[in-house]
>>> print(open('start13.csv').read())   # CSV, C-alpha atoms
chain,number,residue,atom,x,y,z
A,78,MET,CA,23.1,-52.9,33.8
A,79,ARG,CA,25.4,-50.8,35.9
A,80,SER,CA,26.9,-49.0,32.8
A,81,LEU,CA,23.3,-48.2,31.7
A,82,ALA,CA,22.5,-46.7,35.0
A,83,VAL,CA,25.6,-44.6,35.0
A,84,ARG,CA,24.8,-43.4,31.5
A,85,PHE,CA,21.3,-42.3,32.5
A,86,ALA,CA,22.8,-40.6,35.6
A,87,MET,CA,25.2,-38.7,33.4
A,88,ALA,CA,22.3,-37.7,31.2
A,89,LEU,CA,20.6,-35.9,34.1
A,90,VAL,CA,22.9,-32.8,33.8
A,91,PRO,CA,22.2,-32.1,30.1
A,92,LEU,CA,18.5,-32.8,30.7
A,93,LEU,CA,18.4,-30.2,33.5
A,94,LEU,CA,20.2,-27.7,31.3
A,95,ILE,CA,17.7,-28.3,28.5
A,96,CYS,CA,14.9,-27.5,31.0
A,97,VAL,CA,16.7,-24.3,32.0
A,98,GLY,CA,17.1,-23.4,28.3
A,99,LEU,CA,13.4,-23.9,27.7
A,100,ALA,CA,12.5,-21.6,30.6
A,101,LEU,CA,14.8,-18.9,29.3
A,102,VAL,CA,13.4,-19.0,25.7
A,103,VAL,CA,9.8,-18.9,26.9
A,104,ILE,CA,10.3,-16.0,29.3
A,105,SER,CA,12.5,-14.0,27.0
A,106,ALA,CA,10.2,-14.6,24.0
A,107,ASP,CA,7.2,-13.1,25.9
A,108,GLU,CA,9.3,-10.0,26.8
A,109,ALA,CA,10.6,-9.6,23.3
A,110,ILE,CA,7.1,-9.7,21.8
A,111,LYS,CA,6.0,-6.8,24.1
A,112,ARG,CA,9.0,-4.7,23.1
A,113,VAL,CA,8.6,-5.3,19.4
A,114,LEU,CA,5.0,-4.2,19.6
A,115,ASN,CA,6.0,-1.0,21.4
A,116,LEU,CA,8.8,-0.2,18.9
A,117,ALA,CA,6.5,-0.8,15.9
A,118,LYS,CA,3.9,1.7,17.3
A,119,HIS,CA,6.6,4.2,18.2
A,120,LEU,CA,8.2,4.1,14.7
A,121,ARG,CA,4.8,3.8,12.9
A,122,LEU,CA,6.0,0.6,11.3
A,123,SER,CA,4.0,-2.6,10.9
A,124,THR,CA,4.8,-5.3,13.5
A,125,PHE,CA,5.6,-7.6,10.6
A,126,VAL,CA,8.4,-5.3,9.4
A,127,MET,CA,9.8,-4.7,12.9
A,128,SER,CA,9.9,-8.4,13.7
A,129,PHE,CA,11.3,-9.2,10.2
A,130,VAL,CA,14.2,-6.8,10.6
A,131,ILE,CA,15.0,-7.0,14.3
A,132,GLY,CA,13.9,-10.5,15.3
A,133,GLY,CA,15.1,-12.1,12.1
A,134,SER,CA,18.5,-10.4,12.1
A,135,ILE,CA,19.2,-11.5,15.7
A,136,ALA,CA,17.9,-15.1,15.1
A,137,ILE,CA,20.6,-15.7,12.3
A,138,LEU,CA,23.4,-15.5,14.8
A,139,PRO,CA,23.9,-19.3,15.3
A,140,GLU,CA,24.1,-19.9,11.5
A,141,LEU,CA,26.2,-16.8,11.0
A,142,PHE,CA,28.7,-17.8,13.7
A,143,ILE,CA,29.0,-21.3,12.4
A,144,GLY,CA,29.3,-20.1,8.8
A,145,VAL,CA,32.0,-17.5,9.4
A,146,VAL,CA,34.1,-19.8,11.6
A,147,SER,CA,33.9,-22.6,9.1
A,148,ALA,CA,34.8,-20.2,6.3
A,149,PHE,CA,37.9,-19.0,8.2
A,150,GLU,CA,38.9,-22.6,8.8
A,151,GLY,CA,38.6,-23.4,5.1
A,152,VAL,CA,35.5,-25.5,5.2
A,153,SER,CA,32.8,-23.0,4.0
A,154,SER,CA,30.6,-25.8,2.7
A,155,LEU,CA,29.9,-26.8,6.3
A,156,GLY,CA,28.4,-23.3,7.1
A,157,PHE,CA,26.5,-23.5,3.7
A,158,GLY,CA,24.9,-26.8,4.7
A,159,VAL,CA,23.9,-25.5,8.2
A,160,ILE,CA,22.4,-22.4,6.7
A,161,LEU,CA,20.4,-24.2,4.0
A,162,GLY,CA,19.3,-26.9,6.4
A,163,SER,CA,18.1,-24.5,9.0
A,164,ASN,CA,16.2,-22.5,6.3
A,165,VAL,CA,14.3,-25.6,5.2
A,166,ALA,CA,13.5,-26.4,8.8
A,167,ASP,CA,12.2,-22.8,9.3
A,168,LEU,CA,10.0,-22.9,6.2
A,169,THR,CA,8.5,-26.3,6.9
A,170,LEU,CA,8.9,-27.6,10.5
A,171,VAL,CA,8.9,-24.3,12.3
A,172,PHE,CA,6.1,-22.8,10.2
A,173,GLY,CA,4.1,-26.0,10.6
A,174,VAL,CA,4.5,-26.2,14.3
A,175,VAL,CA,3.6,-22.6,14.8
A,176,ILE,CA,0.4,-23.0,12.7
A,177,LEU,CA,-0.6,-26.1,14.6
A,178,PHE,CA,-0.3,-24.2,17.9
A,179,ALA,CA,-2.1,-21.2,16.6
A,180,GLY,CA,-4.9,-23.2,15.0
A,181,ASN,CA,-5.7,-20.5,12.5
A,182,LEU,CA,-3.2,-17.8,11.4
A,183,LYS,CA,-4.5,-14.9,9.5
A,184,VAL,CA,-2.3,-13.3,6.8
A,185,ASP,CA,-3.2,-9.7,5.9
A,186,PRO,CA,-2.6,-8.4,2.3
A,187,ALA,CA,0.5,-6.3,3.3
A,188,THR,CA,2.1,-9.3,5.0
A,189,LEU,CA,1.3,-11.5,2.0
A,190,LYS,CA,3.0,-9.0,-0.3
A,191,HIS,CA,6.1,-9.1,1.8
A,192,MET,CA,6.0,-12.9,1.8
A,193,ARG,CA,5.8,-13.0,-2.0
A,194,ARG,CA,8.8,-10.7,-2.3
A,195,SER,CA,10.8,-12.7,0.3
A,196,PHE,CA,10.2,-16.0,-1.4
A,197,LEU,CA,11.3,-14.7,-4.7
A,198,THR,CA,14.5,-13.5,-3.1
A,199,ILE,CA,15.1,-16.8,-1.3
A,200,ALA,CA,15.6,-18.6,-4.6
A,201,LEU,CA,18.6,-16.3,-5.5
A,202,PRO,CA,21.4,-18.3,-3.8
A,203,VAL,CA,20.0,-21.4,-5.4
A,204,LEU,CA,20.2,-19.9,-8.9
A,205,LEU,CA,23.8,-18.7,-8.2
A,206,PHE,CA,24.7,-22.2,-7.1
A,207,VAL,CA,23.6,-23.9,-10.3
A,208,ASP,CA,27.3,-24.0,-11.5
A,209,GLY,CA,28.3,-25.8,-8.3
A,210,GLU,CA,29.9,-22.8,-6.6
A,211,ILE,CA,29.1,-19.6,-4.9
A,212,SER,CA,32.0,-17.3,-5.7
A,213,ARG,CA,33.1,-14.1,-4.1
A,214,LEU,CA,31.3,-12.2,-6.9
A,215,ASP,CA,28.1,-14.2,-6.0
A,216,GLY,CA,28.7,-13.2,-2.4
A,217,ILE,CA,28.8,-9.5,-3.4
A,218,ILE,CA,25.6,-9.9,-5.4
A,219,LEU,CA,23.8,-11.5,-2.4
A,220,VAL,CA,24.9,-8.8,0.1
A,221,LEU,CA,23.9,-6.0,-2.3
A,222,PHE,CA,20.5,-7.6,-2.9
A,223,PHE,CA,20.0,-7.9,0.9
A,224,ILE,CA,20.8,-4.2,1.3
A,225,LEU,CA,18.4,-3.3,-1.6
A,226,TYR,CA,15.6,-5.5,-0.1
A,227,MET,CA,16.0,-3.8,3.3
A,228,PHE,CA,15.8,-0.4,1.7
A,229,MET,CA,12.6,-1.4,-0.1
A,230,LEU,CA,11.2,-2.8,3.1
A,231,PHE,CA,11.6,0.4,5.0
A,232,ARG,CA,10.1,2.5,2.1
A,233,THR,CA,6.8,0.6,2.3
A,234,LYS,CA,3.8,2.4,3.6
A,235,ARG,CA,3.9,2.9,7.4
A,236,ASP,CA,1.0,2.3,9.7
A,237,GLU,CA,-1.1,5.2,10.9
A,238,PRO,CA,0.5,7.0,13.9
A,239,ASP,CA,-0.6,5.8,17.3
A,240,VAL,CA,-0.6,8.9,19.6
A,241,SER,CA,-0.8,6.8,22.7
A,242,ALA,CA,2.4,5.1,21.8
A,243,LYS,CA,4.5,8.3,21.8
A,244,LYS,CA,5.9,8.1,25.3
A,245,GLY,CA,9.2,9.9,24.7
A,246,LYS,CA,12.8,9.0,24.0
A,247,ASN,CA,13.4,7.5,27.4
A,248,ARG,CA,10.6,4.8,26.9
A,249,PHE,CA,11.9,4.1,23.4
A,250,SER,CA,15.5,3.6,24.7
A,251,ILE,CA,14.2,1.3,27.4
A,252,ASP,CA,12.3,-0.8,24.9
A,253,VAL,CA,15.3,-1.1,22.6
A,254,ILE,CA,17.6,-2.2,25.5
A,255,VAL,CA,15.1,-4.7,26.9
A,256,LEU,CA,14.4,-6.1,23.4
A,257,VAL,CA,18.1,-6.6,22.7
A,258,THR,CA,18.6,-8.2,26.1
A,259,SER,CA,15.6,-10.5,25.6
A,260,MET,CA,16.8,-11.7,22.2
A,261,ALA,CA,20.2,-12.3,23.7
A,262,VAL,CA,18.7,-14.4,26.5
A,263,LEU,CA,16.6,-16.2,23.8
A,264,PHE,CA,19.8,-16.9,21.9
A,265,VAL,CA,21.5,-18.3,25.0
A,266,GLY,CA,18.5,-20.5,25.8
A,267,GLY,CA,18.6,-21.9,22.2
A,268,ILE,CA,22.4,-22.7,22.6
A,269,LEU,CA,21.7,-24.4,25.9
A,270,ILE,CA,19.1,-26.6,24.4
A,271,THR,CA,21.0,-27.3,21.2
A,272,ASP,CA,24.4,-28.2,22.9
A,273,ASN,CA,22.8,-30.3,25.6
A,274,SER,CA,20.5,-32.1,23.2
A,275,GLN,CA,23.6,-33.3,21.4
A,276,ALA,CA,25.2,-34.4,24.6
A,277,LEU,CA,22.1,-36.2,25.6
A,278,SER,CA,21.9,-38.0,22.3
A,279,LEU,CA,25.5,-39.2,22.5
A,280,LEU,CA,25.1,-40.4,26.1
A,281,LEU,CA,21.9,-42.3,25.2
A,282,GLY,CA,23.5,-43.8,22.1
A,283,VAL,CA,21.2,-42.1,19.6
A,284,PRO,CA,22.4,-42.4,15.9
A,285,LEU,CA,24.5,-39.6,14.5
A,286,PHE,CA,21.9,-38.7,11.9
A,287,LEU,CA,19.3,-37.9,14.6
A,288,ILE,CA,21.9,-35.7,16.4
A,289,GLY,CA,22.1,-33.7,13.1
A,290,VAL,CA,18.3,-33.3,13.2
A,291,VAL,CA,18.5,-32.0,16.7
A,292,VAL,CA,21.1,-29.5,15.8
A,293,ALA,CA,19.0,-28.3,12.8
A,294,VAL,CA,15.9,-27.9,14.9
A,295,GLY,CA,18.0,-26.3,17.7
A,296,THR,CA,19.3,-23.5,15.6
A,297,CYS,CA,15.6,-22.7,14.7
A,298,LEU,CA,14.5,-22.9,18.3
A,299,PRO,CA,14.6,-19.1,19.1
A,300,GLU,CA,12.4,-18.1,16.2
A,301,MET,CA,10.1,-21.1,16.7
A,302,THR,CA,9.5,-20.1,20.4
A,303,PHE,CA,9.1,-16.5,19.5
A,304,ALA,CA,6.6,-17.3,16.8
A,305,ILE,CA,4.6,-19.7,19.0
A,306,ARG,CA,4.3,-17.3,21.8
A,307,ALA,CA,3.4,-14.4,19.5
A,308,SER,CA,0.6,-16.6,17.9
A,309,VAL,CA,-0.8,-17.6,21.2
A,310,LYS,CA,-1.0,-13.8,22.1
A,311,LYS,CA,-2.9,-13.2,18.8
A,312,HIS,CA,0.1,-11.5,17.1
A,313,GLY,CA,0.8,-14.0,14.4
A,314,GLU,CA,2.4,-11.4,12.1
A,315,LEU,CA,5.2,-11.1,14.6
A,316,GLY,CA,6.0,-14.8,14.3
A,317,LEU,CA,5.8,-14.7,10.5
A,318,GLY,CA,8.1,-11.7,10.3
A,319,ASN,CA,10.6,-13.2,12.6
A,320,ILE,CA,10.8,-16.5,10.7
A,321,LEU,CA,10.9,-14.9,7.2
A,322,GLY,CA,13.5,-12.4,8.4
A,323,ASN,CA,15.7,-15.2,9.6
A,324,VAL,CA,15.3,-17.2,6.3
A,325,LEU,CA,15.9,-14.2,4.0
A,326,THR,CA,18.8,-12.8,6.0
A,327,ASP,CA,20.4,-16.3,6.0
A,328,SER,CA,19.8,-16.8,2.3
A,329,MET,CA,21.4,-13.5,1.3
A,330,LEU,CA,23.5,-11.8,3.9
A,331,THR,CA,24.9,-14.9,5.8
A,332,ILE,CA,25.7,-16.9,2.7
A,333,GLY,CA,27.1,-13.7,1.0
A,334,ILE,CA,29.5,-13.1,4.0
A,335,VAL,CA,30.6,-16.7,4.0
A,336,ALA,CA,31.3,-16.6,0.3
A,337,LEU,CA,33.3,-13.4,0.6
A,338,ILE,CA,35.6,-15.0,3.2
A,339,GLN,CA,35.9,-18.2,1.2
A,340,PRO,CA,34.1,-19.3,-2.0
A,341,ILE,CA,31.7,-22.1,-1.3
A,342,GLN,CA,32.5,-25.3,-3.2
A,343,PRO,CA,30.8,-28.3,-1.5
A,344,ARG,CA,32.4,-31.7,-2.0
A,345,PHE,CA,29.0,-33.3,-2.8
A,346,THR,CA,27.3,-30.8,-5.0
A,347,ILE,CA,24.2,-32.9,-5.4
A,348,MET,CA,23.5,-32.7,-1.6
A,349,ALA,CA,23.9,-29.0,-1.4
A,350,LEU,CA,21.9,-28.3,-4.6
A,351,SER,CA,19.0,-30.7,-3.5
A,352,THR,CA,18.8,-28.9,-0.2
A,353,GLY,CA,18.8,-25.5,-1.9
A,354,VAL,CA,16.1,-26.6,-4.3
A,355,PHE,CA,14.0,-28.0,-1.5
A,356,MET,CA,14.4,-24.7,0.3
A,357,ALA,CA,12.9,-22.8,-2.7
A,358,VAL,CA,10.1,-25.4,-3.0
A,359,SER,CA,9.3,-25.0,0.7
A,360,ALA,CA,9.1,-21.2,0.3
A,361,LEU,CA,6.8,-21.6,-2.6
A,362,ALA,CA,4.6,-24.1,-0.7
A,363,VAL,CA,4.2,-21.6,2.2
A,364,TYR,CA,3.2,-18.8,-0.2
A,365,VAL,CA,0.7,-21.0,-2.1
A,366,LEU,CA,-0.9,-22.2,1.2
A,367,SER,CA,-1.2,-18.6,2.5
A,368,ARG,CA,-2.6,-17.0,-0.7
A,369,ASP,CA,-6.2,-17.1,0.7
A,370,GLY,CA,-5.2,-15.0,3.6
A,371,LYS,CA,-5.0,-17.7,6.3
A,372,LEU,CA,-3.1,-20.7,7.4
A,373,ASP,CA,-4.9,-23.5,9.3
A,374,ARG,CA,-3.9,-26.7,11.0
A,375,LYS,CA,-4.2,-28.7,7.8
A,376,ASP,CA,-1.6,-26.4,6.2
A,377,GLY,CA,0.6,-26.7,9.3
A,378,LEU,CA,0.4,-30.5,9.1
A,379,LEU,CA,1.3,-30.5,5.4
A,380,LEU,CA,4.4,-28.4,6.1
A,381,VAL,CA,5.5,-30.7,8.9
A,382,ILE,CA,5.1,-33.7,6.5
A,383,LEU,CA,7.1,-31.8,3.9
A,384,TYR,CA,10.0,-31.6,6.4
A,385,GLY,CA,9.7,-35.3,6.9
A,386,ILE,CA,10.0,-35.8,3.2
A,387,PHE,CA,13.1,-33.6,3.2
A,388,LEU,CA,14.8,-35.7,5.9
A,389,ALA,CA,13.9,-38.9,4.0
A,390,MET,CA,15.3,-37.4,0.7
A,391,GLN,CA,18.5,-36.3,2.4
A,392,THR,CA,19.0,-39.7,3.9
A,393,VAL,CA,18.7,-41.4,0.5
A,394,ILE,CA,21.1,-38.9,-1.1
A,395,GLU,CA,23.6,-39.2,1.7
A,396,GLY,CA,23.6,-43.0,1.4
A,397,SER,CA,24.2,-42.8,-2.4
A,398,VAL,CA,27.1,-40.4,-2.3
A,399,THR,CA,29.0,-41.6,0.8
>>> encode(input="start13.csv", output="structure tokens")
Amino acid sequence: MRSLAVRFAMALVPLLLICVGLALVVISADEAIKRVLNLAKHLRLSTFVMSFVIGGSIAILPELFIGVVSAFEGVSSLGFGVILGSNVADLTLVFGVVILFAGNLKVDPATLKHMRRSFLTIALPVLLFVDGEISRLDGIILVLFFILYMFMLFRTKRDEPDVSAKKGKNRFSIDVIVLVTSMAVLFVGGILITDNSQALSLLLGVPLFLIGVVVAVGTCLPEMTFAIRASVKKHGELGLGNILGNVLTDSMLTIGIVALIQPIQPRFTIMALSTGVFMAVSALAVYVLSRDGKLDRKDGLLLVILYGIFLAMQTVIEGSVT
């Protein structure tokens, strides 16, 4: 009884830090949304494109850091697993939760076009991995495709200029600085929640598998918070762009960089391949559900259920190969 009381007392510190992390991500997400909107107007770019490039690129930092470190330590398959797992969570759990919060998320034709292109590109690393390896040559291909995609994205038709948004270089610089700072704070908040969720799970004796689930969700927390707050403020395209930017950048740039450092050759190929295939299936599911120009709570629930199916599938596969 005493040991149980001590364990719960020790759990108070990580619980408090989780609360601090939540406060950080909520406040910084609100500020980041304002700045992305300002920059989009100033550059005459759609808010989807701005959030895709800026928000998505910053949101990959947890997976990129893990992937690069694991590659330098000779275990690139670890980073590969984290990247694929977080992408599945983004496309199912994160999308689903955001839609459930928003209630009804409208998808304009331009955004739908970007989504179709994105989902076709997400399947590329899966195709390259059919032979059981992502070589350095595959890494070069992924990085080049990412550069090409970014070039095409910025060549798309811009929004009409907003004269009221032209407030001079000083305002533009302030928006950039505040946005970068907000995203950095968002990232720190996500780390606080992820790390302390793991500590809390260990202290309370939660199974290791559930700790892995917490880590996967934790790496997706910044984009989930950003997307939820954007949807509540009626800027759903910001959330969509941020999530898709994260998934696409992870699928090509992050995996490409990891493969360039060390070719990816997972010990259990079936687990990696099944996760990659599920990632592509999840991307296709989101596109099919959004083809009518909207996503409602029924669609969100289906995506959350799809994530549950993924967890069950991985549990079965893990049990059969270990």
>>> residues_around(input="start13.csv", residues="Ile334 (chain A)", least_positions_apart="2", cutoff="8 Å", atoms="only C-alpha atoms", output="ChimeraX atom specification")
/A:145,216,220,330-332,336-338
>>> closest_residue(input="start13.csv", among="A:Leu197, A:Leu366, A:Ala148, A:Ile251", to="Leu380 (chain A)", atoms="all atoms listed in the file")
A:Leu366
>>> closest_residue(input="start13.csv", among="A:Gly370, A:Tyr364, A:Thr392, A:Ile268", to="Phe196 (chain A)", atoms="all atoms listed in the file")
A:Tyr364
>>> atom_distance(input="start13.csv", atom1="CA of Gly209 (chain A)", atom2="CA of Ala362 (chain A)")
24.9 Å
>>> closest_residue(input="start13.csv", among="A:Arg112, A:Val102, A:Thr302, A:Gly180", to="Val255 (chain A)", atoms="only C-alpha atoms")
A:Arg112
>>> closest_residue(input="start13.csv", among="A:Leu219, A:Ile176, A:Leu101, A:Leu168", to="Leu321 (chain A)", atoms="only C-alpha atoms")
A:Leu168
>>> closest_residue(input="start13.csv", among="A:Met260, A:Val203, A:Met329, A:Ile305", to="Ile224 (chain A)", atoms="all atoms listed in the file")
A:Met329
>>> atom_distance(input="start13.csv", atom1="CA of Ile347 (chain A)", atom2="CA of Val324 (chain A)")
21.5 Å
>>> residues_near_point(input="start13.csv", point="(11.4, -18.8, 7.6)", cutoff="10 Å", atoms="all atoms listed in the file", output="PyMOL selection string")
chain A and resi 129+133+163-172+192+195-196+199+297+300-301+316-327+356+359-360+363
>>> closest_residue(input="start13.csv", among="A:His191, A:Arg368, A:Arg213, A:Lys183", to="Val335 (chain A)", atoms="all atoms listed in the file")
A:Arg213
>>> residues_around(input="start13.csv", residues="Tyr226 (chain A)", least_positions_apart="5", cutoff="9 Å", atoms="only C-alpha atoms", output="number ranges by chain")
A: 194-195, 198, 221, 231
>>> atom_distance(input="start13.csv", atom1="CA of Phe222 (chain A)", atom2="CA of Arg121 (chain A)")
25.0 Å
>>> build_atoms(input="start13.csv", residues="region 370-393 of chain A", atoms="N, CA and C atoms", output="PDB file, keeping the file's coordinate frame")
ATOM      1  N   GLY A 370      -5.166 -15.859   2.450  1.00  0.00           N
ATOM      2  CA  GLY A 370      -5.200 -15.000   3.600  1.00  0.00           C
ATOM      3  C   GLY A 370      -5.211 -15.649   4.951  1.00  0.00           C
ATOM      4  N   LYS A 371      -5.051 -16.964   4.971  1.00  0.00           N
ATOM      5  CA  LYS A 371      -5.000 -17.700   6.300  1.00  0.00           C
ATOM      6  C   LYS A 371      -4.271 -18.972   6.154  1.00  0.00           C
ATOM      7  N   LEU A 372      -3.810 -19.435   7.301  1.00  0.00           N
ATOM      8  CA  LEU A 372      -3.100 -20.700   7.400  1.00  0.00           C
ATOM      9  C   LEU A 372      -3.768 -21.491   8.543  1.00  0.00           C
ATOM     10  N   ASP A 373      -4.282 -22.692   8.256  1.00  0.00           N
ATOM     11  CA  ASP A 373      -4.900 -23.500   9.300  1.00  0.00           C
ATOM     12  C   ASP A 373      -4.121 -24.714   9.648  1.00  0.00           C
ATOM     13  N   ARG A 374      -4.660 -25.539  10.545  1.00  0.00           N
ATOM     14  CA  ARG A 374      -3.900 -26.700  11.000  1.00  0.00           C
ATOM     15  C   ARG A 374      -3.618 -27.709   9.906  1.00  0.00           C
ATOM     16  N   LYS A 375      -4.483 -27.789   8.924  1.00  0.00           N
ATOM     17  CA  LYS A 375      -4.200 -28.700   7.800  1.00  0.00           C
ATOM     18  C   LYS A 375      -2.976 -28.230   7.039  1.00  0.00           C
ATOM     19  N   ASP A 376      -2.835 -26.918   6.874  1.00  0.00           N
ATOM     20  CA  ASP A 376      -1.600 -26.400   6.200  1.00  0.00           C
ATOM     21  C   ASP A 376      -0.394 -26.650   7.065  1.00  0.00           C
ATOM     22  N   GLY A 377      -0.537 -26.486   8.380  1.00  0.00           N
ATOM     23  CA  GLY A 377       0.600 -26.700   9.300  1.00  0.00           C
ATOM     24  C   GLY A 377       1.040 -28.188   9.208  1.00  0.00           C
ATOM     25  N   LEU A 378       0.080 -29.117   9.172  1.00  0.00           N
ATOM     26  CA  LEU A 378       0.400 -30.500   9.100  1.00  0.00           C
ATOM     27  C   LEU A 378       1.115 -30.858   7.783  1.00  0.00           C
ATOM     28  N   LEU A 379       0.667 -30.248   6.691  1.00  0.00           N
ATOM     29  CA  LEU A 379       1.300 -30.500   5.400  1.00  0.00           C
ATOM     30  C   LEU A 379       2.755 -30.015   5.393  1.00  0.00           C
ATOM     31  N   LEU A 380       3.031 -28.894   6.067  1.00  0.00           N
ATOM     32  CA  LEU A 380       4.400 -28.400   6.100  1.00  0.00           C
ATOM     33  C   LEU A 380       5.299 -29.285   6.970  1.00  0.00           C
ATOM     34  N   VAL A 381       4.754 -29.810   8.073  1.00  0.00           N
ATOM     35  CA  VAL A 381       5.500 -30.700   8.900  1.00  0.00           C
ATOM     36  C   VAL A 381       5.842 -32.014   8.108  1.00  0.00           C
ATOM     37  N   ILE A 382       4.849 -32.510   7.358  1.00  0.00           N
ATOM     38  CA  ILE A 382       5.100 -33.700   6.500  1.00  0.00           C
ATOM     39  C   ILE A 382       6.124 -33.393   5.447  1.00  0.00           C
ATOM     40  N   LEU A 383       6.110 -32.169   4.920  1.00  0.00           N
ATOM     41  CA  LEU A 383       7.100 -31.800   3.900  1.00  0.00           C
ATOM     42  C   LEU A 383       8.508 -31.834   4.493  1.00  0.00           C
ATOM     43  N   TYR A 384       8.651 -31.473   5.769  1.00  0.00           N
ATOM     44  CA  TYR A 384      10.000 -31.600   6.400  1.00  0.00           C
ATOM     45  C   TYR A 384      10.382 -33.025   6.556  1.00  0.00           C
ATOM     46  N   GLY A 385       9.424 -33.897   6.847  1.00  0.00           N
ATOM     47  CA  GLY A 385       9.700 -35.300   6.900  1.00  0.00           C
ATOM     48  C   GLY A 385      10.195 -35.864   5.586  1.00  0.00           C
ATOM     49  N   ILE A 386       9.573 -35.390   4.506  1.00  0.00           N
ATOM     50  CA  ILE A 386      10.000 -35.800   3.200  1.00  0.00           C
ATOM     51  C   ILE A 386      11.427 -35.324   2.894  1.00  0.00           C
ATOM     52  N   PHE A 387      11.742 -34.124   3.354  1.00  0.00           N
ATOM     53  CA  PHE A 387      13.100 -33.600   3.200  1.00  0.00           C
ATOM     54  C   PHE A 387      14.121 -34.471   3.890  1.00  0.00           C
ATOM     55  N   LEU A 388      13.826 -34.868   5.127  1.00  0.00           N
ATOM     56  CA  LEU A 388      14.800 -35.700   5.900  1.00  0.00           C
ATOM     57  C   LEU A 388      14.959 -37.067   5.160  1.00  0.00           C
ATOM     58  N   ALA A 389      13.857 -37.634   4.665  1.00  0.00           N
ATOM     59  CA  ALA A 389      13.900 -38.900   4.000  1.00  0.00           C
ATOM     60  C   ALA A 389      14.776 -38.767   2.686  1.00  0.00           C
ATOM     61  N   MET A 390      14.550 -37.665   1.957  1.00  0.00           N
ATOM     62  CA  MET A 390      15.300 -37.400   0.700  1.00  0.00           C
ATOM     63  C   MET A 390      16.782 -37.267   0.988  1.00  0.00           C
ATOM     64  N   GLN A 391      17.134 -36.507   2.034  1.00  0.00           N
ATOM     65  CA  GLN A 391      18.500 -36.300   2.400  1.00  0.00           C
ATOM     66  C   GLN A 391      19.218 -37.597   2.804  1.00  0.00           C
ATOM     67  N   THR A 392      18.462 -38.440   3.503  1.00  0.00           N
ATOM     68  CA  THR A 392      19.000 -39.700   3.900  1.00  0.00           C
ATOM     69  C   THR A 392      19.353 -40.599   2.727  1.00  0.00           C
ATOM     70  N   VAL A 393      18.460 -40.627   1.746  1.00  0.00           N
ATOM     71  CA  VAL A 393      18.700 -41.400   0.500  1.00  0.00           C
ATOM     72  C   VAL A 393      19.900 -40.871  -0.246  1.00  0.00           C
TER      73      VAL A 393
END
